[in-house]
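Colleague: My file is entry16.cif. It has mmCIF, C-alpha atoms and all ligand atoms:
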```
data_model
#
loop_
_atom_site.label_atom_id
_atom_site.label_comp_id
_atom_site.auth_asym_id
_atom_site.auth_seq_id
_atom_site.Cartn_x
_atom_site.Cartn_y
_atom_site.Cartn_z
CA MET D 651 148.69 119.29 65.55
CA THR D 652 147.94 115.89 66.95
CA ASN D 653 148.87 112.47 65.71
CA ARG D 654 146.42 110.55 67.81
CA THR D 655 144.78 107.92 65.63
CA PRO D 656 141.01 107.92 66.18
CA PHE D 657 139.90 104.78 67.97
CA ILE D 658 136.42 103.25 67.96
CA VAL D 659 135.70 100.36 70.29
CA ALA D 660 132.61 98.16 70.12
CA ASN D 661 131.55 97.05 73.59
CA TRP D 662 129.14 94.22 72.98
CA LYS D 663 128.56 93.66 76.71
CA MET D 664 126.61 90.42 77.30
CA ASN D 665 125.37 90.09 73.72
CA PHE D 666 126.13 87.75 70.82
CA THR D 667 126.87 84.04 70.77
CA VAL D 668 129.78 82.78 68.65
CA PRO D 669 127.64 82.43 65.47
CA ASP D 670 126.21 85.95 66.04
CA ALA D 671 129.71 87.35 66.47
CA LEU D 672 130.97 85.74 63.25
CA LYS D 673 127.89 86.90 61.35
CA PHE D 674 128.53 90.45 62.56
CA GLU D 675 132.15 90.30 61.44
CA THR D 676 131.15 89.17 57.93
CA ALA D 677 128.52 91.92 57.70
CA LEU D 678 130.88 94.62 58.99
CA THR D 679 133.76 93.77 56.66
CA HIS D 680 131.30 93.64 53.76
CA GLU D 681 129.86 97.05 54.70
CA LEU D 682 133.18 98.73 55.45
CA LYS D 683 135.79 97.68 52.93
CA ALA D 684 138.49 100.00 54.28
CA THR D 685 138.90 101.44 57.75
CA GLY D 686 141.03 104.42 56.68
CA GLU D 687 143.10 105.88 59.46
CA VAL D 688 140.69 104.82 62.16
CA GLU D 689 141.68 102.06 64.57
CA ILE D 690 138.83 99.75 65.49
CA ALA D 691 138.49 97.12 68.20
CA ILE D 692 135.67 94.78 69.10
CA ALA D 693 135.05 93.57 72.65
CA PRO D 694 132.79 90.49 72.51
CA PRO D 695 131.86 88.35 75.52
CA PHE D 696 134.69 86.03 76.68
CA THR D 697 133.05 83.04 74.96
CA ALA D 698 133.42 84.59 71.49
CA LEU D 699 136.96 85.95 71.91
CA TYR D 700 138.76 82.99 70.41
CA SER D 701 136.60 82.46 67.31
CA LEU D 702 136.24 86.14 66.61
CA GLY D 703 139.97 86.61 67.14
CA VAL D 704 140.73 84.01 64.50
CA THR D 705 138.62 85.82 61.89
CA LEU D 706 139.75 89.29 62.93
CA ALA D 707 143.37 88.26 62.48
CA GLU D 708 142.73 88.51 58.72
CA THR D 709 141.40 92.07 59.05
CA PRO D 710 142.57 95.43 60.43
CA TYR D 711 140.16 95.07 63.37
CA LYS D 712 141.61 94.45 66.83
CA LEU D 713 140.30 92.26 69.59
CA ALA D 714 139.44 93.57 73.06
CA ALA D 715 138.15 91.97 76.25
CA GLN D 716 135.57 93.46 78.59
CA ASN D 717 137.37 92.69 81.85
CA VAL D 718 140.49 91.04 83.27
CA PHE D 719 141.38 89.47 86.62
CA TRP D 720 144.63 90.53 88.31
CA GLU D 721 146.12 87.15 89.25
CA GLU D 722 148.03 85.23 86.56
CA SER D 723 146.48 81.79 87.09
CA GLY D 724 145.33 79.45 89.84
CA ALA D 725 142.32 78.73 92.04
CA TYR D 726 140.08 81.66 91.05
CA THR D 727 136.92 80.00 89.80
CA GLY D 728 135.20 82.01 87.11
CA GLU D 729 138.04 84.45 86.45
CA ILE D 730 140.15 85.13 83.33
CA SER D 731 143.69 86.51 83.47
CA GLY D 732 145.51 88.80 81.10
CA ALA D 733 147.73 85.94 79.92
CA PHE D 734 144.62 84.06 78.77
CA LEU D 735 143.32 87.12 76.95
CA LYS D 736 146.67 87.58 75.26
CA ASP D 737 146.62 83.90 74.32
CA VAL D 738 143.42 84.37 72.28
CA GLY D 739 144.72 87.49 70.54
CA CYS D 740 143.45 90.39 72.64
CA GLU D 741 145.32 93.68 72.41
CA TYR D 742 143.00 95.79 74.54
CA VAL D 743 140.93 95.31 77.66
CA ILE D 744 138.12 97.48 78.98
CA ILE D 745 138.60 98.11 82.71
CA GLY D 746 136.33 99.72 85.29
CA HIS D 747 133.20 100.00 83.17
CA SER D 748 130.40 101.62 85.19
CA GLU D 749 128.26 98.48 84.85
CA ARG D 750 130.99 96.56 86.64
CA ARG D 751 131.13 99.25 89.34
CA GLN D 752 127.32 99.17 89.61
CA TYR D 753 126.60 95.42 89.56
CA PHE D 754 129.84 93.61 90.39
CA GLY D 755 131.42 95.57 93.20
CA GLU D 756 134.20 97.13 91.11
CA THR D 757 136.03 99.83 93.06
CA ASP D 758 138.88 102.23 92.31
CA GLU D 759 141.19 99.74 94.08
CA THR D 760 140.17 96.77 91.93
CA VAL D 761 140.38 98.94 88.82
CA SER D 762 143.93 99.81 89.76
CA LYS D 763 144.84 96.12 90.26
CA ARG D 764 143.33 95.19 86.90
CA ILE D 765 145.22 97.98 85.16
CA ARG D 766 148.53 96.81 86.56
CA ALA D 767 147.73 93.23 85.58
CA ALA D 768 146.79 94.27 82.05
CA LEU D 769 150.07 96.12 81.60
CA ARG D 770 152.03 93.19 83.03
CA ASP D 771 150.44 90.98 80.39
CA GLU D 772 151.03 93.52 77.62
CA LEU D 773 147.41 94.45 77.12
CA VAL D 774 146.42 98.07 76.64
CA PRO D 775 143.89 99.18 79.24
CA VAL D 776 140.82 101.11 78.15
CA MET D 777 140.12 102.64 81.53
CA CYS D 778 136.56 103.92 82.04
CA VAL D 779 135.82 106.95 84.15
CA GLY D 780 132.61 108.90 84.60
CA GLU D 781 130.15 110.46 86.99
CA THR D 782 126.56 109.51 87.83
CA LEU D 783 123.68 111.94 87.36
CA PRO D 784 123.43 112.89 91.08
CA GLU D 785 127.20 113.51 91.07
CA ARG D 786 126.90 115.77 88.02
CA GLU D 787 123.96 117.62 89.52
CA ALA D 788 125.91 118.15 92.74
CA ASN D 789 128.76 119.65 90.67
CA LYS D 790 131.03 116.78 91.60
CA THR D 791 131.87 115.61 88.08
CA TRP D 792 135.49 116.61 88.20
CA THR D 793 136.04 115.46 91.82
CA ILE D 794 134.85 111.98 90.85
CA ILE D 795 136.83 111.75 87.64
CA GLU D 796 139.99 113.07 89.24
CA ARG D 797 139.70 110.44 91.99
CA GLN D 798 139.21 107.71 89.38
CA LEU D 799 142.21 108.92 87.37
CA LYS D 800 144.45 109.22 90.43
CA MET D 801 143.64 105.72 91.60
CA GLY D 802 143.72 104.14 88.16
CA LEU D 803 147.09 105.60 87.29
CA ALA D 804 148.66 105.13 90.72
CA SER D 805 152.08 103.44 90.51
CA ILE D 806 152.03 103.19 86.72
CA PHE D 807 155.21 104.05 84.83
CA LEU D 808 155.06 107.04 82.50
CA LYS D 809 155.99 104.87 79.52
CA ASP D 810 152.87 102.78 80.21
CA VAL D 811 150.54 105.74 80.65
CA GLU D 812 151.37 106.78 77.09
CA ARG D 813 149.78 103.60 75.78
CA PHE D 814 146.66 104.05 77.86
CA VAL D 815 143.24 104.66 76.48
CA ILE D 816 140.85 106.51 78.77
CA ALA D 817 137.12 106.36 78.12
CA TYR D 818 134.98 109.12 79.56
CA GLU D 819 131.55 107.62 80.02
CA PRO D 820 129.05 109.72 81.94
CA VAL D 821 127.01 107.03 83.68
CA TRP D 822 123.75 108.91 82.99
CA ALA D 823 124.41 108.64 79.24
CA ILE D 824 125.05 104.88 79.07
CA GLY D 825 122.26 102.96 77.40
CA THR D 826 119.82 105.77 78.16
CA GLY D 827 119.68 107.46 74.76
CA ARG D 828 120.79 110.61 76.60
CA THR D 829 124.15 111.69 75.16
CA ALA D 830 126.39 114.30 76.70
CA SER D 831 126.42 117.34 74.43
CA SER D 832 129.59 117.71 72.42
CA ALA D 833 130.46 120.71 74.62
CA GLN D 834 129.97 118.68 77.82
CA ALA D 835 132.14 115.88 76.43
CA GLU D 836 134.87 118.24 75.23
CA GLU D 837 134.93 120.04 78.58
CA VAL D 838 135.62 116.85 80.54
CA HIS D 839 138.03 115.49 77.91
CA SER D 840 140.13 118.63 78.00
CA MET D 841 140.16 118.54 81.82
CA ILE D 842 141.40 114.94 81.67
CA ARG D 843 144.14 115.98 79.24
CA ASP D 844 145.16 118.91 81.44
CA TRP D 845 145.28 116.59 84.43
CA LEU D 846 147.55 114.20 82.50
CA SER D 847 149.75 117.08 81.50
CA LYS D 848 150.14 118.22 85.12
CA ASN D 849 150.45 114.78 86.69
CA CYS D 850 152.46 112.98 83.98
CA ASP D 851 153.86 115.36 81.38
CA GLY D 852 152.79 117.32 78.32
CA ALA D 853 154.06 114.81 75.78
CA THR D 854 152.25 111.94 77.51
CA ALA D 855 149.04 113.96 77.72
CA GLU D 856 149.25 114.57 73.98
CA ARG D 857 149.60 110.86 73.24
CA VAL D 858 146.86 109.36 75.44
CA ARG D 859 143.64 108.75 73.55
CA ILE D 860 140.48 109.80 75.35
CA LEU D 861 137.31 108.17 74.04
CA TYR D 862 133.76 109.25 74.70
CA GLY D 863 131.10 106.65 75.55
CA GLY D 864 127.41 106.92 76.26
CA SER D 865 124.65 106.55 73.66
CA VAL D 866 126.94 107.19 70.68
CA LYS D 867 124.95 106.59 67.48
CA ALA D 868 125.55 107.32 63.81
CA LYS D 869 123.38 110.40 64.08
CA ASN D 870 125.36 112.08 66.89
CA ALA D 871 128.81 110.58 66.26
CA ARG D 872 130.19 113.23 63.90
CA GLU D 873 129.54 116.08 66.27
CA ILE D 874 131.12 114.28 69.23
CA LEU D 875 134.04 112.67 67.42
CA THR D 876 135.19 115.93 65.83
CA GLN D 877 135.78 117.66 69.18
CA PRO D 878 139.49 118.45 69.55
CA ASN D 879 140.03 116.33 72.66
CA VAL D 880 137.73 113.47 71.71
CA ASP D 881 139.83 110.76 70.09
CA GLY D 882 137.13 108.20 69.43
CA GLY D 883 134.24 106.37 70.99
CA LEU D 884 133.36 103.40 73.17
CA VAL D 885 130.11 102.24 71.63
CA GLY D 886 127.65 99.90 73.35
CA GLY D 887 124.14 99.42 71.95
CA ALA D 888 124.87 100.90 68.53
CA SER D 889 127.82 98.55 68.02
CA LEU D 890 125.45 95.57 67.76
CA ASP D 891 124.26 96.63 64.31
CA PRO D 892 127.05 96.34 61.72
CA ILE D 893 125.62 99.06 59.45
CA GLU D 894 125.09 101.50 62.30
CA PHE D 895 128.57 100.72 63.64
CA ALA D 896 130.14 101.22 60.19
CA ASN D 897 128.37 104.58 59.94
CA ILE D 898 129.81 105.62 63.30
CA ILE D 899 133.30 104.67 62.12
CA ARG D 900 132.77 106.81 59.01
CA CYS D 901 132.17 109.82 61.28
CA ALA D 902 135.65 109.64 62.83
CA PRO D 903 137.92 112.39 61.52
CA GLN D 904 141.07 111.46 59.64
CA ARG D 905 143.02 113.34 62.32
CA SER D 906 146.60 113.07 61.25
CA GLN D 907 145.73 114.71 57.90
CA SER D 908 143.31 117.35 59.03
CA ASN D 909 144.93 118.92 62.06
P1 LIG D 1001 125.89 102.67 75.09
O1 LIG D 1001 127.02 102.02 76.01
O2 LIG D 1001 126.56 103.10 73.80
O3 LIG D 1001 124.86 101.60 74.88
O4 LIG D 1001 125.34 103.85 75.83
C1 LIG D 1001 128.31 102.53 76.05
C2 LIG D 1001 129.13 101.73 77.02
O5 LIG D 1001 128.57 101.27 78.02
O6 LIG D 1001 130.34 101.48 76.81
#
```
Written as structure tokens, how would this file's structure read?
Ligand code: PGA

Modeller:
Amino acid sequence: MTNRTPFIVANWKMNFTVPDALKFETALTHELKATGEVEIAIAPPFTALYSLGVTLAETPYKLAAQNVFWEESGAYTGEISGAFLKDVGCEYVIIGHSERRQYFGETDETVSKRIRAALRDELVPVMCVGETLPEREANKTWTIIERQLKMGLASIFLKDVERFVIAYEPVWAIGTGRTASSAQAEEVHSMIRDWLSKNCDGATAERVRILYGGSVKAKNAREILTQPNVDGGLVGGASLDPIEFANIIRCAPQRSQSN
């Protein structure tokens, strides 16, 4: 029996101007009148956070950012702190996305700093972990994920880990149309939960939501989202179409009733 509320996060990446974001919100709330027991967050680019946040405040949808810098304020040209994200209504922040690791020099150390900063500013981190294709083929999937978990959760209080969201995103499945099979996803998700149980405690492991990300679409969402250790999805490309995104949300199980 689990009480984890399914969580679907739209990661818009570098897409949508402010008018596009507002148009999406109108279309989504028209398409999906009620969200049921599913929690939903949208992560637009920084430029649309404020305007989207104002409209989302009238809805059950939550606001998320795609990154956060670890200092609070000061001479850091081009950076945005957690306090600023909080100021525009963010509740969540995606940290350590593989595109940031790939193109912007993100490392396990910087991920760890961002996580601590997010918690300091009362944002919930959505920490991304995942292996590349060569790592999977060399049977290193778990070694990589364990290292990312260890570093990401280093010096975090247990009470904070509970609020964490972890997103397992196999790098080879992001934006490629190649999804992990539901069995592959479930295998890694249950290993992450076991790791949390051993390294934190059983109750914490039961509370942490573990999302799957990587080419989630309406047509494969039900199979993935109904796996016992998959608590939702981090959706990139398919979150840019409000009807497709609504159909993904409809695939999330109403967990607290069904098991
Ligand atoms: P995708 O992206 O759904 O387009 O594969 C997922 C992500 O990068 O979070």

Colleague: Once 4 Å is added on each side, what are the centre and the three edge lengths, in Å to one decimal, of the axis-aligned box enclosing the listed atoms of segment 706-723 of chain D? Present them as AutoDock Vina command-line options.

Modeller:
```
--center_x 141.8 --center_y 88.6 --center_z 74.0 --size_x 20.5 --size_y 21.6 --size_z 38.5
```

Colleague: Pull the closest atom pair for each residue of chain D that gets at most 10 Å from ligand LIG 1001 (chain D), along with the distance in Å to one decimal, counting all atoms listed in the file, ordering rows by chain and then ascending residue number, as JSON lines.

Modeller:
```
{"residue": "D:Val659", "atom": "CA", "partner": "D:LIG1001", "partner_atom": "O6", "distance": 8.5}
{"residue": "D:Ala660", "atom": "CA", "partner": "D:LIG1001", "partner_atom": "O6", "distance": 7.8}
{"residue": "D:Asn661", "atom": "CA", "partner": "D:LIG1001", "partner_atom": "O6", "distance": 5.6}
{"residue": "D:Trp662", "atom": "CA", "partner": "D:LIG1001", "partner_atom": "O6", "distance": 8.3}
{"residue": "D:Lys663", "atom": "CA", "partner": "D:LIG1001", "partner_atom": "O5", "distance": 7.7}
{"residue": "D:Gln716", "atom": "CA", "partner": "D:LIG1001", "partner_atom": "O6", "distance": 9.7}
{"residue": "D:Ile744", "atom": "CA", "partner": "D:LIG1001", "partner_atom": "O6", "distance": 9.0}
{"residue": "D:His747", "atom": "CA", "partner": "D:LIG1001", "partner_atom": "O5", "distance": 7.0}
{"residue": "D:Ser748", "atom": "CA", "partner": "D:LIG1001", "partner_atom": "O5", "distance": 7.4}
{"residue": "D:Glu749", "atom": "CA", "partner": "D:LIG1001", "partner_atom": "O5", "distance": 7.4}
{"residue": "D:Cys778", "atom": "CA", "partner": "D:LIG1001", "partner_atom": "O6", "distance": 8.5}
{"residue": "D:Ala817", "atom": "CA", "partner": "D:LIG1001", "partner_atom": "O6", "distance": 8.5}
{"residue": "D:Tyr818", "atom": "CA", "partner": "D:LIG1001", "partner_atom": "O6", "distance": 9.4}
{"residue": "D:Glu819", "atom": "CA", "partner": "D:LIG1001", "partner_atom": "O6", "distance": 7.0}
{"residue": "D:Pro820", "atom": "CA", "partner": "D:LIG1001", "partner_atom": "O4", "distance": 9.2}
{"residue": "D:Val821", "atom": "CA", "partner": "D:LIG1001", "partner_atom": "O5", "distance": 8.2}
{"residue": "D:Trp822", "atom": "CA", "partner": "D:LIG1001", "partner_atom": "O4", "distance": 8.9}
{"residue": "D:Ala823", "atom": "CA", "partner": "D:LIG1001", "partner_atom": "O4", "distance": 6.0}
{"residue": "D:Ile824", "atom": "CA", "partner": "D:LIG1001", "partner_atom": "O4", "distance": 3.4}
{"residue": "D:Gly825", "atom": "CA", "partner": "D:LIG1001", "partner_atom": "O4", "distance": 3.6}
{"residue": "D:Thr826", "atom": "CA", "partner": "D:LIG1001", "partner_atom": "O4", "distance": 6.3}
{"residue": "D:Gly827", "atom": "CA", "partner": "D:LIG1001", "partner_atom": "O4", "distance": 6.8}
{"residue": "D:Arg828", "atom": "CA", "partner": "D:LIG1001", "partner_atom": "O4", "distance": 8.2}
{"residue": "D:Thr829", "atom": "CA", "partner": "D:LIG1001", "partner_atom": "O4", "distance": 8.0}
{"residue": "D:Tyr862", "atom": "CA", "partner": "D:LIG1001", "partner_atom": "O6", "distance": 8.7}
{"residue": "D:Gly863", "atom": "CA", "partner": "D:LIG1001", "partner_atom": "C1", "distance": 5.0}
{"residue": "D:Gly864", "atom": "CA", "partner": "D:LIG1001", "partner_atom": "O4", "distance": 3.7}
{"residue": "D:Ser865", "atom": "CA", "partner": "D:LIG1001", "partner_atom": "O4", "distance": 3.5}
{"residue": "D:Val866", "atom": "CA", "partner": "D:LIG1001", "partner_atom": "O2", "distance": 5.2}
{"residue": "D:Lys867", "atom": "CA", "partner": "D:LIG1001", "partner_atom": "O2", "distance": 7.4}
{"residue": "D:Gly883", "atom": "CA", "partner": "D:LIG1001", "partner_atom": "O6", "distance": 8.5}
{"residue": "D:Leu884", "atom": "CA", "partner": "D:LIG1001", "partner_atom": "O6", "distance": 5.1}
{"residue": "D:Val885", "atom": "CA", "partner": "D:LIG1001", "partner_atom": "O2", "distance": 4.2}
{"residue": "D:Gly886", "atom": "CA", "partner": "D:LIG1001", "partner_atom": "O2", "distance": 3.4}
{"residue": "D:Gly887", "atom": "CA", "partner": "D:LIG1001", "partner_atom": "O3", "distance": 3.7}
{"residue": "D:Ala888", "atom": "CA", "partner": "D:LIG1001", "partner_atom": "O2", "distance": 6.0}
{"residue": "D:Ser889", "atom": "CA", "partner": "D:LIG1001", "partner_atom": "O2", "distance": 7.5}
{"residue": "D:Leu890", "atom": "CA", "partner": "D:LIG1001", "partner_atom": "O3", "distance": 9.3}
```

Colleague: Could you tell me how far atom CA of Leu861 of chain D sits from atom CA of Trp792 of chain D, in Å to one decimal place?

Modeller: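 The value is 16.6 Å.
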
Colleague: By how many Å are atom CA of Val858 of chain D and atom CA of Arg654 of chain D apart?

Modeller: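 Taking atom CA of Val858 of chain D and atom CA of Arg654 of chain D, their separation equals 7.7 Å.
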
Colleague: Just want the 12 Å neighbourhood of segment 706-708 of chain D, counted on only C-alpha atoms, with same-chain residues fewer than 6 positions away dropped. Output as a count of residues only.

Modeller: 20

Colleague: Please determine, counting all atoms listed in the file, which residue among D:Ile795, D:Ile860, D:Ile658, D:Ile765 has the shortest atom-to-atom distance to Val779 of chain D.

Modeller: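 Using all atoms listed in the file, the shortest distance to Val779 of chain D belongs to D:Ile795.
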
Colleague: Which distance in Å separates atom CA of Pro775 of chain D and atom CA of Tyr742 of chain D, to one decimal?

Modeller: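 Result for atom CA of Pro775 of chain D versus atom CA of Tyr742 of chain D: 5.9 Å, one decimal.
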
Colleague: Set the distance at 8 Å and use all atoms listed in the file: which residues neighbour Val668 of chain D once local chain neighbours fewer than 5 positions away are removed? I'd like the list as a count of residues only.

Modeller: 4

Colleague: List every protein, DNA or RNA residue that has at least one atom no more than 12 Å from (137.2, 119.4, 76.4) in the file's coordinates, counting all atoms listed in the file, and write the result as JSON, numbers by chain.

Modeller: {"D": [818, 830, 831, 832, 833, 834, 835, 836, 837, 838, 839, 840, 841, 842, 843, 844, 845, 860, 861, 862, 874, 875, 876, 877, 878, 879, 880, 881]}

Colleague: Considering all atoms listed in the file, return as a list in words whatever protein or nucleic-acid residues lie within 8 Å of segment 766-769 of chain D, sequence-local ones (same chain, fewer than 6 positions apart) excluded.

Modeller: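 Selected residues are Val718, Phe719, Trp720, Glu721, Gly732, Val743, Pro775, Ile806 and Asp810 of chain D.
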
Colleague: Which residue out of D:Pro710, D:Thr655, D:Lys673, D:Glu772 has the minimum interatomic distance to Val688 of chain D when only C-alpha atoms are used?

Modeller: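 Closest candidate: D:Thr655.
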
Colleague: Can you pull out the residues contacting Glu812 of chain D? Cut-off 9 Å, using only C-alpha atoms, and skip same-chain residues under 4 positions away; I want them as an MDAnalysis selection string.

Modeller: chainID D and resid 808 853:859

Colleague: Considering only C-alpha atoms, state which residue in the set D:Thr652, D:Asn717, D:Thr667, D:Ser847 is at the smallest distance from Arg750 of chain D.

Modeller: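 Of the candidates, the smallest distance to Arg750 of chain D is held by D:Asn717.
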
Colleague: For a cut-off of 6 Å around (149.9, 86.9, 81.2), file coordinates, pick out all residues using only C-alpha atoms and list them as a list in words.

Modeller: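 So the residues meeting the distance criterion are Glu722, Gly732, Ala733 and Asp771 of chain D.
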